[in-house]
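Below is run_3.tsv, holding TSV, N, CA and C atoms.
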```
chain	number	residue	atom	x	y	z
A	1	LYS	N	-8.11	-44.66	-119.76
A	1	LYS	CA	-9.56	-44.60	-119.64
A	1	LYS	C	-9.97	-45.30	-118.35
A	2	SER	N	-10.86	-44.73	-117.62
A	2	SER	CA	-11.36	-45.31	-116.37
A	2	SER	C	-12.61	-46.13	-116.61
A	3	PHE	N	-12.75	-47.19	-115.82
A	3	PHE	CA	-13.92	-48.05	-115.87
A	3	PHE	C	-14.46	-48.20	-114.46
A	4	PRO	N	-15.19	-47.18	-113.96
A	4	PRO	CA	-15.65	-47.24	-112.57
A	4	PRO	C	-16.70	-48.33	-112.35
A	5	GLN	N	-16.54	-49.05	-111.25
A	5	GLN	CA	-17.50	-50.05	-110.81
A	5	GLN	C	-17.57	-49.93	-109.29
A	6	THR	N	-18.56	-49.27	-108.80
A	6	THR	CA	-18.69	-48.94	-107.38
A	6	THR	C	-17.39	-48.31	-106.90
A	7	ASN	N	-16.68	-48.96	-105.99
A	7	ASN	CA	-15.43	-48.40	-105.46
A	7	ASN	C	-14.19	-48.95	-106.17
A	8	LEU	N	-14.39	-49.70	-107.23
A	8	LEU	CA	-13.28	-50.30	-107.97
A	8	LEU	C	-13.11	-49.56	-109.28
A	9	GLU	N	-11.85	-49.30	-109.65
A	9	GLU	CA	-11.58	-48.53	-110.86
A	9	GLU	C	-10.39	-49.13	-111.58
A	10	TYR	N	-10.47	-49.22	-112.90
A	10	TYR	CA	-9.38	-49.72	-113.73
A	10	TYR	C	-8.87	-48.56	-114.57
A	11	ASN	N	-7.54	-48.43	-114.65
A	11	ASN	CA	-6.95	-47.35	-115.44
A	11	ASN	C	-5.88	-47.93	-116.35
A	12	SER	N	-5.77	-47.36	-117.54
A	12	SER	CA	-4.77	-47.84	-118.49
A	12	SER	C	-3.48	-47.03	-118.44
A	13	GLU	N	-3.49	-45.88	-117.78
A	13	GLU	CA	-2.30	-45.02	-117.68
A	13	GLU	C	-2.07	-44.63	-116.23
A	14	ILE	N	-0.86	-44.82	-115.75
A	14	ILE	CA	-0.50	-44.44	-114.37
A	14	ILE	C	-0.72	-42.94	-114.16
A	15	LYS	N	-0.41	-42.14	-115.16
A	15	LYS	CA	-0.52	-40.68	-115.05
A	15	LYS	C	-1.94	-40.24	-114.69
A	16	GLU	N	-2.93	-41.04	-115.07
A	16	GLU	CA	-4.32	-40.71	-114.76
A	16	GLU	C	-4.58	-40.70	-113.25
A	17	LEU	N	-3.69	-41.32	-112.49
A	17	LEU	CA	-3.88	-41.44	-111.05
A	17	LEU	C	-3.08	-40.43	-110.24
A	18	TYR	N	-2.21	-39.67	-110.89
A	18	TYR	CA	-1.37	-38.71	-110.18
A	18	TYR	C	-2.22	-37.74	-109.37
A	19	GLY	N	-1.78	-37.49	-108.14
A	19	GLY	CA	-2.44	-36.54	-107.28
A	19	GLY	C	-3.67	-37.09	-106.58
A	20	ARG	N	-4.02	-38.33	-106.83
A	20	ARG	CA	-5.19	-38.93	-106.20
A	20	ARG	C	-4.76	-39.78	-105.00
A	21	LYS	N	-5.72	-40.19	-104.20
A	21	LYS	CA	-5.45	-40.95	-102.97
A	21	LYS	C	-6.21	-42.28	-103.02
A	22	PHE	N	-5.49	-43.37	-102.70
A	22	PHE	CA	-6.07	-44.71	-102.75
A	22	PHE	C	-5.66	-45.51	-101.51
A	23	ASP	N	-6.48	-46.47	-101.15
A	23	ASP	CA	-6.11	-47.40	-100.09
A	23	ASP	C	-5.12	-48.43	-100.63
A	24	ILE	N	-5.40	-48.98	-101.81
A	24	ILE	CA	-4.60	-50.08	-102.36
A	24	ILE	C	-4.37	-49.86	-103.85
A	25	ILE	N	-3.15	-50.13	-104.29
A	25	ILE	CA	-2.84	-50.27	-105.71
A	25	ILE	C	-2.46	-51.73	-105.90
A	26	PHE	N	-3.07	-52.36	-106.90
A	26	PHE	CA	-2.99	-53.81	-107.07
A	26	PHE	C	-2.54	-54.17	-108.49
A	27	PHE	N	-1.45	-54.94	-108.59
A	27	PHE	CA	-0.97	-55.48	-109.86
A	27	PHE	C	-0.99	-57.00	-109.74
A	28	SER	N	-1.69	-57.67	-110.63
A	28	SER	CA	-1.74	-59.13	-110.61
A	28	SER	C	-1.37	-59.67	-111.98
A	29	GLY	N	-0.21	-60.32	-112.06
A	29	GLY	CA	0.21	-60.95	-113.30
A	29	GLY	C	0.46	-59.98	-114.44
A	30	THR	N	0.84	-58.74	-114.10
A	30	THR	CA	1.01	-57.74	-115.16
A	30	THR	C	2.39	-57.07	-115.17
A	31	ILE	N	2.94	-56.82	-114.01
A	31	ILE	CA	4.16	-55.98	-113.93
A	31	ILE	C	5.30	-56.57	-114.76
A	32	GLN	N	5.38	-57.88	-114.86
A	32	GLN	CA	6.47	-58.52	-115.60
A	32	GLN	C	6.35	-58.36	-117.11
A	33	TYR	N	5.17	-57.93	-117.59
A	33	TYR	CA	4.98	-57.73	-119.02
A	33	TYR	C	5.22	-56.29	-119.46
A	34	LEU	N	5.45	-55.42	-118.52
A	34	LEU	CA	5.69	-54.01	-118.84
A	34	LEU	C	7.12	-53.82	-119.32
A	35	GLU	N	7.31	-52.85	-120.18
A	35	GLU	CA	8.65	-52.59	-120.73
A	35	GLU	C	9.64	-52.26	-119.63
A	36	SER	N	9.22	-51.46	-118.66
A	36	SER	CA	10.11	-51.01	-117.58
A	36	SER	C	9.40	-51.15	-116.23
A	37	PRO	N	9.38	-52.34	-115.64
A	37	PRO	CA	8.65	-52.53	-114.39
A	37	PRO	C	9.10	-51.59	-113.26
A	38	TYR	N	10.39	-51.36	-113.13
A	38	TYR	CA	10.88	-50.50	-112.05
A	38	TYR	C	10.49	-49.04	-112.26
A	39	LYS	N	10.40	-48.63	-113.51
A	39	LYS	CA	9.96	-47.26	-113.82
A	39	LYS	C	8.51	-47.08	-113.38
A	40	ILE	N	7.67	-48.07	-113.63
A	40	ILE	CA	6.27	-48.00	-113.20
A	40	ILE	C	6.20	-47.93	-111.68
A	41	ILE	N	6.99	-48.73	-111.00
A	41	ILE	CA	7.00	-48.69	-109.53
A	41	ILE	C	7.43	-47.31	-109.04
A	42	GLU	N	8.40	-46.70	-109.70
A	42	GLU	CA	8.83	-45.35	-109.34
A	42	GLU	C	7.70	-44.33	-109.54
A	43	GLN	N	6.93	-44.50	-110.61
A	43	GLN	CA	5.84	-43.57	-110.90
A	43	GLN	C	4.74	-43.64	-109.83
A	44	LEU	N	4.67	-44.73	-109.10
A	44	LEU	CA	3.67	-44.85	-108.04
A	44	LEU	C	3.89	-43.84	-106.93
A	45	LYS	N	5.10	-43.27	-106.84
A	45	LYS	CA	5.39	-42.26	-105.83
A	45	LYS	C	4.51	-41.02	-106.01
A	46	ASN	N	3.99	-40.82	-107.23
A	46	ASN	CA	3.14	-39.66	-107.53
A	46	ASN	C	1.68	-39.90	-107.16
A	47	ILE	N	1.40	-41.04	-106.57
A	47	ILE	CA	0.03	-41.40	-106.20
A	47	ILE	C	0.03	-41.72	-104.71
A	48	SER	N	-0.85	-41.07	-103.96
A	48	SER	CA	-0.96	-41.36	-102.54
A	48	SER	C	-1.71	-42.68	-102.37
A	49	HIS	N	-1.03	-43.66	-101.75
A	49	HIS	CA	-1.66	-44.96	-101.52
A	49	HIS	C	-1.06	-45.59	-100.27
A	50	LYS	N	-1.90	-46.29	-99.55
A	50	LYS	CA	-1.48	-46.91	-98.29
A	50	LYS	C	-0.77	-48.25	-98.52
A	51	TYR	N	-1.29	-49.04	-99.44
A	51	TYR	CA	-0.74	-50.37	-99.70
A	51	TYR	C	-0.50	-50.60	-101.18
A	52	LEU	N	0.47	-51.47	-101.46
A	52	LEU	CA	0.75	-51.94	-102.81
A	52	LEU	C	0.75	-53.46	-102.75
A	53	ILE	N	-0.02	-54.06	-103.65
A	53	ILE	CA	-0.01	-55.52	-103.78
A	53	ILE	C	0.52	-55.85	-105.17
A	54	LEU	N	1.59	-56.63	-105.20
A	54	LEU	CA	2.15	-57.16	-106.45
A	54	LEU	C	2.04	-58.67	-106.34
A	55	THR	N	1.33	-59.31	-107.25
A	55	THR	CA	1.20	-60.76	-107.17
A	55	THR	C	1.28	-61.39	-108.55
A	56	ARG	N	1.52	-62.70	-108.55
A	56	ARG	CA	1.69	-63.48	-109.78
A	56	ARG	C	2.87	-62.96	-110.59
A	57	ILE	N	4.01	-62.79	-109.89
A	57	ILE	CA	5.25	-62.31	-110.52
A	57	ILE	C	6.27	-63.44	-110.53
A	58	PRO	N	6.82	-63.81	-111.70
A	58	PRO	CA	7.87	-64.82	-111.72
A	58	PRO	C	9.16	-64.24	-111.15
A	59	ILE	N	9.71	-64.90	-110.15
A	59	ILE	CA	10.87	-64.39	-109.42
A	59	ILE	C	12.04	-65.36	-109.58
A	60	VAL	N	13.23	-64.82	-109.88
A	60	VAL	CA	14.43	-65.64	-109.99
A	60	VAL	C	15.38	-65.34	-108.84
A	61	ASP	N	16.07	-66.38	-108.38
A	61	ASP	CA	17.12	-66.20	-107.37
A	61	ASP	C	18.41	-65.87	-108.10
A	62	SER	N	18.56	-64.61	-108.45
A	62	SER	CA	19.70	-64.13	-109.23
A	62	SER	C	19.91	-62.67	-108.87
A	63	ALA	N	21.10	-62.18	-109.09
A	63	ALA	CA	21.39	-60.77	-108.80
A	63	ALA	C	20.78	-59.85	-109.85
A	64	THR	N	20.43	-60.41	-111.01
A	64	THR	CA	19.89	-59.59	-112.09
A	64	THR	C	18.57	-60.14	-112.60
A	65	ASP	N	17.79	-59.27	-113.21
A	65	ASP	CA	16.55	-59.67	-113.85
A	65	ASP	C	16.89	-60.39	-115.15
A	66	ARG	N	15.93	-61.12	-115.65
A	66	ARG	CA	16.14	-61.83	-116.91
A	66	ARG	C	14.97	-61.55	-117.83
A	67	LEU	N	15.26	-61.02	-119.00
A	67	LEU	CA	14.25	-60.78	-120.02
A	67	LEU	C	14.23	-62.01	-120.92
A	68	THR	N	13.04	-62.55	-121.12
A	68	THR	CA	12.91	-63.75	-121.95
A	68	THR	C	11.62	-63.64	-122.77
A	69	ILE	N	11.32	-64.68	-123.51
A	69	ILE	CA	10.12	-64.71	-124.33
A	69	ILE	C	9.17	-65.78	-123.80
A	70	GLN	N	7.92	-65.42	-123.61
A	70	GLN	CA	6.90	-66.38	-123.20
A	70	GLN	C	6.13	-66.79	-124.46
A	71	HIS	N	6.07	-68.09	-124.69
A	71	HIS	CA	5.32	-68.62	-125.83
A	71	HIS	C	3.99	-69.15	-125.33
A	72	VAL	N	2.92	-68.65	-125.91
A	72	VAL	CA	1.57	-69.10	-125.54
A	72	VAL	C	1.35	-70.47	-126.18
A	73	PRO	N	0.84	-71.43	-125.40
A	73	PRO	CA	0.56	-72.75	-126.00
A	73	PRO	C	-0.39	-72.61	-127.19
A	74	LYS	N	-0.08	-73.32	-128.27
A	74	LYS	CA	-0.89	-73.21	-129.49
A	74	LYS	C	-2.33	-73.67	-129.26
A	75	SER	N	-2.56	-74.45	-128.21
A	75	SER	CA	-3.94	-74.87	-127.92
A	75	SER	C	-4.80	-73.67	-127.50
A	76	TYR	N	-4.14	-72.58	-127.02
A	76	TYR	CA	-4.87	-71.34	-126.69
A	76	TYR	C	-4.94	-70.45	-127.92
A	77	TYR	N	-3.77	-70.03	-128.39
A	77	TYR	CA	-3.63	-69.26	-129.61
A	77	TYR	C	-2.14	-69.11	-129.86
A	78	SER	N	-1.76	-68.71	-131.06
A	78	SER	CA	-0.34	-68.60	-131.41
A	78	SER	C	0.16	-67.19	-131.14
A	79	ALA	N	1.04	-67.06	-130.15
A	79	ALA	CA	1.61	-65.76	-129.82
A	79	ALA	C	2.82	-65.94	-128.92
A	80	SER	N	3.60	-64.89	-128.83
A	80	SER	CA	4.72	-64.86	-127.88
A	80	SER	C	4.87	-63.43	-127.39
A	81	TYR	N	5.36	-63.30	-126.14
A	81	TYR	CA	5.45	-61.99	-125.50
A	81	TYR	C	6.78	-61.89	-124.75
A	82	PRO	N	7.38	-60.69	-124.74
A	82	PRO	CA	8.53	-60.50	-123.85
A	82	PRO	C	8.03	-60.48	-122.40
A	83	VAL	N	8.81	-61.07	-121.52
A	83	VAL	CA	8.43	-61.13	-120.10
A	83	VAL	C	9.69	-61.03	-119.24
A	84	TRP	N	9.59	-60.25	-118.18
A	84	TRP	CA	10.68	-60.12	-117.23
A	84	TRP	C	10.54	-61.17	-116.14
A	85	LEU	N	11.61	-61.87	-115.83
A	85	LEU	CA	11.71	-62.69	-114.64
A	85	LEU	C	12.53	-61.83	-113.68
A	86	LEU	N	11.87	-61.32	-112.65
A	86	LEU	CA	12.50	-60.32	-111.79
A	86	LEU	C	13.36	-60.97	-110.71
A	87	SER	N	14.50	-60.34	-110.47
A	87	SER	CA	15.40	-60.77	-109.41
A	87	SER	C	14.77	-60.47	-108.05
A	88	LYS	N	14.68	-61.50	-107.22
A	88	LYS	CA	14.08	-61.33	-105.89
A	88	LYS	C	14.80	-60.24	-105.11
A	89	ASP	N	16.12	-60.32	-105.04
A	89	ASP	CA	16.90	-59.35	-104.25
A	89	ASP	C	16.77	-57.94	-104.81
A	90	LYS	N	16.86	-57.81	-106.13
A	90	LYS	CA	16.78	-56.49	-106.75
A	90	LYS	C	15.39	-55.87	-106.54
A	91	LEU	N	14.34	-56.67	-106.73
A	91	LEU	CA	12.99	-56.16	-106.56
A	91	LEU	C	12.74	-55.72	-105.12
A	92	ILE	N	13.09	-56.57	-104.17
A	92	ILE	CA	12.85	-56.24	-102.76
A	92	ILE	C	13.67	-55.01	-102.36
A	93	LYS	N	14.93	-54.94	-102.76
A	93	LYS	CA	15.76	-53.78	-102.44
A	93	LYS	C	15.14	-52.50	-103.00
A	94	HIS	N	14.64	-52.59	-104.22
A	94	HIS	CA	14.01	-51.42	-104.86
A	94	HIS	C	12.74	-51.02	-104.10
A	95	LEU	N	11.92	-51.99	-103.74
A	95	LEU	CA	10.67	-51.70	-103.06
A	95	LEU	C	10.88	-51.15	-101.65
A	96	LEU	N	11.90	-51.63	-100.95
A	96	LEU	CA	12.10	-51.24	-99.55
A	96	LEU	C	12.54	-49.78	-99.37
A	97	THR	N	12.85	-49.09	-100.46
A	97	THR	CA	13.15	-47.67	-100.32
A	97	THR	C	11.91	-46.88	-99.94
A	98	ASP	N	10.73	-47.33	-100.38
A	98	ASP	CA	9.49	-46.61	-100.12
A	98	ASP	C	8.42	-47.44	-99.40
A	99	TYR	N	8.67	-48.73	-99.24
A	99	TYR	CA	7.65	-49.61	-98.68
A	99	TYR	C	8.22	-50.47	-97.55
A	100	GLU	N	7.32	-50.85	-96.66
A	100	GLU	CA	7.62	-51.85	-95.64
A	100	GLU	C	6.98	-53.15	-96.12
A	101	LEU	N	7.75	-54.23	-96.14
A	101	LEU	CA	7.23	-55.52	-96.57
A	101	LEU	C	6.37	-56.11	-95.46
A	102	VAL	N	5.09	-56.31	-95.73
A	102	VAL	CA	4.14	-56.83	-94.75
A	102	VAL	C	4.05	-58.35	-94.87
A	103	GLN	N	3.95	-58.84	-96.12
A	103	GLN	CA	3.80	-60.28	-96.33
A	103	GLN	C	4.27	-60.67	-97.71
A	104	THR	N	4.84	-61.88	-97.79
A	104	THR	CA	5.25	-62.47	-99.05
A	104	THR	C	4.58	-63.84	-99.15
A	105	TRP	N	4.17	-64.22	-100.34
A	105	TRP	CA	3.61	-65.55	-100.51
A	105	TRP	C	4.07	-66.17	-101.82
A	106	LEU	N	4.13	-67.48	-101.81
A	106	LEU	CA	4.50	-68.29	-102.96
A	106	LEU	C	3.22	-68.83	-103.58
A	107	LEU	N	3.07	-68.70	-104.88
A	107	LEU	CA	1.94	-69.28	-105.59
A	107	LEU	C	2.38	-70.67	-106.06
A	108	GLU	N	2.10	-71.66	-105.26
A	108	GLU	CA	2.63	-73.01	-105.47
A	108	GLU	C	2.21	-73.65	-106.79
A	109	ASN	N	1.08	-73.23	-107.33
A	109	ASN	CA	0.59	-73.84	-108.57
A	109	ASN	C	0.95	-73.05	-109.82
A	110	GLU	N	1.78	-72.01	-109.67
A	110	GLU	CA	2.18	-71.22	-110.83
A	110	GLU	C	3.70	-71.21	-110.94
A	111	SER	N	4.19	-71.74	-112.04
A	111	SER	CA	5.63	-71.74	-112.28
A	111	SER	C	5.88	-71.87	-113.78
A	112	VAL	N	7.11	-71.58	-114.16
A	112	VAL	CA	7.56	-71.78	-115.54
A	112	VAL	C	8.91	-72.48	-115.47
A	113	ILE	N	9.29	-73.11	-116.55
A	113	ILE	CA	10.60	-73.76	-116.63
A	113	ILE	C	11.50	-72.89	-117.50
A	114	LEU	N	12.66	-72.55	-116.96
A	114	LEU	CA	13.64	-71.76	-117.70
A	114	LEU	C	15.00	-72.42	-117.54
A	115	ASP	N	15.61	-72.76	-118.66
A	115	ASP	CA	16.91	-73.43	-118.64
A	115	ASP	C	16.89	-74.67	-117.74
A	116	GLY	N	15.77	-75.41	-117.79
A	116	GLY	CA	15.64	-76.63	-117.01
A	116	GLY	C	15.35	-76.43	-115.53
A	117	LYS	N	15.17	-75.19	-115.10
A	117	LYS	CA	14.93	-74.89	-113.69
A	117	LYS	C	13.52	-74.30	-113.52
A	118	GLU	N	12.84	-74.73	-112.45
A	118	GLU	CA	11.50	-74.24	-112.18
A	118	GLU	C	11.56	-72.86	-111.53
A	119	ILE	N	10.85	-71.91	-112.13
A	119	ILE	CA	10.79	-70.54	-111.63
A	119	ILE	C	9.37	-70.34	-111.07
A	120	PHE	N	9.29	-69.97	-109.79
A	120	PHE	CA	7.99	-69.82	-109.13
A	120	PHE	C	7.51	-68.38	-109.15
A	121	TYR	N	6.21	-68.24	-109.01
A	121	TYR	CA	5.56	-66.94	-108.94
A	121	TYR	C	5.33	-66.58	-107.47
A	122	TYR	N	5.48	-65.28	-107.17
A	122	TYR	CA	5.33	-64.80	-105.79
A	122	TYR	C	4.38	-63.62	-105.75
A	123	GLY	N	3.98	-63.30	-104.53
A	123	GLY	CA	3.17	-62.12	-104.28
A	123	GLY	C	3.74	-61.36	-103.10
A	124	TYR	N	3.49	-60.05	-103.09
A	124	TYR	CA	4.00	-59.17	-102.03
A	124	TYR	C	2.92	-58.18	-101.61
A	125	LEU	N	2.75	-58.05	-100.31
A	125	LEU	CA	1.91	-57.00	-99.73
A	125	LEU	C	2.86	-56.01	-99.07
A	126	LEU	N	2.76	-54.74	-99.48
A	126	LEU	CA	3.68	-53.71	-98.99
A	126	LEU	C	2.90	-52.52	-98.46
A	127	ARG	N	3.40	-51.94	-97.37
A	127	ARG	CA	2.82	-50.73	-96.79
A	127	ARG	C	3.68	-49.55	-97.19
A	128	ASN	N	3.06	-48.51	-97.72
A	128	ASN	CA	3.75	-47.32	-98.18
A	128	ASN	C	4.24	-46.52	-96.98
A	129	LYS	N	5.56	-46.31	-96.87
A	129	LYS	CA	6.14	-45.54	-95.76
A	129	LYS	C	5.78	-44.08	-95.83
A	130	ASN	N	5.43	-43.58	-97.01
A	130	ASN	CA	5.17	-42.15	-97.22
A	130	ASN	C	3.69	-41.80	-97.24
A	131	PHE	N	2.83	-42.74	-96.90
A	131	PHE	CA	1.39	-42.48	-96.97
A	131	PHE	C	0.99	-41.48	-95.90
A	132	LYS	N	0.20	-40.49	-96.30
A	132	LYS	CA	-0.28	-39.46	-95.37
A	132	LYS	C	-1.77	-39.34	-95.47
```
Go through the file and emit its structure as structure tokens.
Amino acid sequence: KSFPQTNLEYNSEIKELYGRKFDIIFFSGTIQYLESPYKIIEQLKNISHKYLILTRIPIVDSATDRLTIQHVPKSYYSASYPVWLLSKDKLIKHLLTDYELVQTWLLENESVILDGKEIFYYGYLLRNKNFK
């Protein structure tokens, strides 16, 4: 379902965007909660867009991604969610097939602790090599 607000639009299904043209596709703090993040990134090939912004993604320095459980603090509400901690090398390698990396940033105030190690969140600005 679309929620138009001037030039800003929210969609719940990637397929709703197929065949359309956009300046920017923006994911903030969401891609890691999807069942198949790389599949969603692949589906973006069906949408004409100049830039892709992925931000607030927990990144691990590992050759593989790590699926774990995020527990919401009980002071907010009681829940837990599966969450992907994406491999920096794997994600970048996957993205560079269709995108040029323009900028990377570290979100210094966002991190989680996993196995006693601090995992930081990152953001990426990418230019679509196939944009016409």
Compile the contact shell of A:Asp23 as a tab-separated table (two decimals) with N, CA and C atoms, in the frame of the given file: residues with an atom at most 6.5 Å away, counting all atoms listed in the file, same-chain residues fewer than 4 positions apart removed.
```
chain	number	residue	atom	x	y	z
A	48	SER	N	-0.85	-41.07	-103.96
A	48	SER	CA	-0.96	-41.36	-102.54
A	48	SER	C	-1.71	-42.68	-102.37
A	49	HIS	N	-1.03	-43.66	-101.75
A	49	HIS	CA	-1.66	-44.96	-101.52
A	49	HIS	C	-1.06	-45.59	-100.27
A	50	LYS	N	-1.90	-46.29	-99.55
A	50	LYS	CA	-1.48	-46.91	-98.29
A	50	LYS	C	-0.77	-48.25	-98.52
A	51	TYR	N	-1.29	-49.04	-99.44
A	51	TYR	CA	-0.74	-50.37	-99.70
A	51	TYR	C	-0.50	-50.60	-101.18
A	52	LEU	N	0.47	-51.47	-101.46
A	52	LEU	CA	0.75	-51.94	-102.81
A	52	LEU	C	0.75	-53.46	-102.75
```
**Request:** Find the residues near A:Trp84: any atom within 8 Å, counting only C-alpha atoms, skip ones fewer than 2 places away on the same chain, and give them as a PyMOL selection string.
**Result:** chain A and resi 32-33+58+65-68+82+86
**Prompt:** Quick one, how far is atom C of A:Arg20 from atom C of A:Glu35?
**Reply:** 24.0 Å
**Request:** Would you mind listing what lies within 6 Å of stretch 108-124 of chain A as JSON, numbers by chain, with all atoms listed in the file counted and same-chain residues fewer than 5 positions away left out?
**Result:** {"A": [52, 53, 54, 55, 56, 57, 58, 59, 103]}
**Asked** What is the atom CA of A:Lys129 to atom CA of A:Ile40 distance in Å?
**Response** 17.6 Å
Name all residues at most 12 Å from A:Glu42 (count only C-alpha atoms; drop same-chain ones fewer than 2 positions away) and give them as a PDB file with N, CA and C atoms, in the frame of the given file.
```pdb
ATOM      1  N   ILE A  14      -0.860 -44.820-115.750  1.00  0.00           N
ATOM      2  CA  ILE A  14      -0.500 -44.440-114.370  1.00  0.00           C
ATOM      3  C   ILE A  14      -0.720 -42.940-114.160  1.00  0.00           C
ATOM      4  N   LYS A  15      -0.410 -42.140-115.160  1.00  0.00           N
ATOM      5  CA  LYS A  15      -0.520 -40.680-115.050  1.00  0.00           C
ATOM      6  C   LYS A  15      -1.940 -40.240-114.690  1.00  0.00           C
ATOM      7  N   SER A  36       9.220 -51.460-118.660  1.00  0.00           N
ATOM      8  CA  SER A  36      10.110 -51.010-117.580  1.00  0.00           C
ATOM      9  C   SER A  36       9.400 -51.150-116.230  1.00  0.00           C
ATOM     10  N   PRO A  37       9.380 -52.340-115.640  1.00  0.00           N
ATOM     11  CA  PRO A  37       8.650 -52.530-114.390  1.00  0.00           C
ATOM     12  C   PRO A  37       9.100 -51.590-113.260  1.00  0.00           C
ATOM     13  N   TYR A  38      10.390 -51.360-113.130  1.00  0.00           N
ATOM     14  CA  TYR A  38      10.880 -50.500-112.050  1.00  0.00           C
ATOM     15  C   TYR A  38      10.490 -49.040-112.260  1.00  0.00           C
ATOM     16  N   LYS A  39      10.400 -48.630-113.510  1.00  0.00           N
ATOM     17  CA  LYS A  39       9.960 -47.260-113.820  1.00  0.00           C
ATOM     18  C   LYS A  39       8.510 -47.080-113.380  1.00  0.00           C
ATOM     19  N   ILE A  40       7.670 -48.070-113.630  1.00  0.00           N
ATOM     20  CA  ILE A  40       6.270 -48.000-113.200  1.00  0.00           C
ATOM     21  C   ILE A  40       6.200 -47.930-111.680  1.00  0.00           C
ATOM     22  N   LEU A  44       4.670 -44.730-109.100  1.00  0.00           N
ATOM     23  CA  LEU A  44       3.670 -44.850-108.040  1.00  0.00           C
ATOM     24  C   LEU A  44       3.890 -43.840-106.930  1.00  0.00           C
ATOM     25  N   LYS A  45       5.100 -43.270-106.840  1.00  0.00           N
ATOM     26  CA  LYS A  45       5.390 -42.260-105.830  1.00  0.00           C
ATOM     27  C   LYS A  45       4.510 -41.020-106.010  1.00  0.00           C
ATOM     28  N   ASN A  46       3.990 -40.820-107.230  1.00  0.00           N
ATOM     29  CA  ASN A  46       3.140 -39.660-107.530  1.00  0.00           C
ATOM     30  C   ASN A  46       1.680 -39.900-107.160  1.00  0.00           C
ATOM     31  N   ILE A  47       1.400 -41.040-106.570  1.00  0.00           N
ATOM     32  CA  ILE A  47       0.030 -41.400-106.200  1.00  0.00           C
ATOM     33  C   ILE A  47       0.030 -41.720-104.710  1.00  0.00           C
ATOM     34  N   LEU A  91      14.340 -56.670-106.730  1.00  0.00           N
ATOM     35  CA  LEU A  91      12.990 -56.160-106.560  1.00  0.00           C
ATOM     36  C   LEU A  91      12.740 -55.720-105.120  1.00  0.00           C
ATOM     37  N   HIS A  94      14.640 -52.590-104.220  1.00  0.00           N
ATOM     38  CA  HIS A  94      14.010 -51.420-104.860  1.00  0.00           C
ATOM     39  C   HIS A  94      12.740 -51.020-104.100  1.00  0.00           C
ATOM     40  N   LEU A  95      11.920 -51.990-103.740  1.00  0.00           N
ATOM     41  CA  LEU A  95      10.670 -51.700-103.060  1.00  0.00           C
ATOM     42  C   LEU A  95      10.880 -51.150-101.650  1.00  0.00           C
ATOM     43  N   LEU A  96      11.900 -51.630-100.950  1.00  0.00           N
ATOM     44  CA  LEU A  96      12.100 -51.240 -99.550  1.00  0.00           C
ATOM     45  C   LEU A  96      12.540 -49.780 -99.370  1.00  0.00           C
ATOM     46  N   THR A  97      12.850 -49.090-100.460  1.00  0.00           N
ATOM     47  CA  THR A  97      13.150 -47.670-100.320  1.00  0.00           C
ATOM     48  C   THR A  97      11.910 -46.880 -99.940  1.00  0.00           C
ATOM     49  N   ASP A  98      10.730 -47.330-100.380  1.00  0.00           N
ATOM     50  CA  ASP A  98       9.490 -46.610-100.120  1.00  0.00           C
ATOM     51  C   ASP A  98       8.420 -47.440 -99.400  1.00  0.00           C
ATOM     52  N   TYR A  99       8.670 -48.730 -99.240  1.00  0.00           N
ATOM     53  CA  TYR A  99       7.650 -49.610 -98.680  1.00  0.00           C
ATOM     54  C   TYR A  99       8.220 -50.470 -97.550  1.00  0.00           C
TER      55      TYR A  99
END
```
**Request:** Would you return as a PyMOL selection string the members of stretch 48-106 of chain A that DSSP assigns to helix (DSSP H, G or I) on this structure's backbone?
**Result:** chain A and resi 88-95
**Prompt:** Distance atom C of A:Ser62-atom N of A:Ile92, one decimal place?
**Reply:** 10.3 Å
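The smallest atom-to-atom distance between A:Leu126 and any of A:Lys88, A:Glu100, A:Tyr76, A:Leu107, using only N, CA and C atoms, is found for A:Glu100.
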**Item:** Nearest to A:Asp61, chosen from A:Leu106, A:Leu85, A:Leu125, A:Ile25, with only N, CA and C atoms counted in the distances
**Value:**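 Smallest separation from A:Asp61 among the options: A:Leu85.
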**DSSP strand (DSSP E or B) residues within stretch 43-99 of chain A, listed as a PyMOL selection string** = chain A and resi 48-60+66-72+79-87+99
Quick one: axis-aligned box around all listed atoms of stretch 85-96 of chain A, 5 Å on every side, centre and edge lengths in Å to one decimal, written as AutoDock Vina command-line options.
```
--center_x 13.8 --center_y -56.2 --center_z -107.6 --size_x 16.2 --size_y 22.9 --size_z 26.5
```
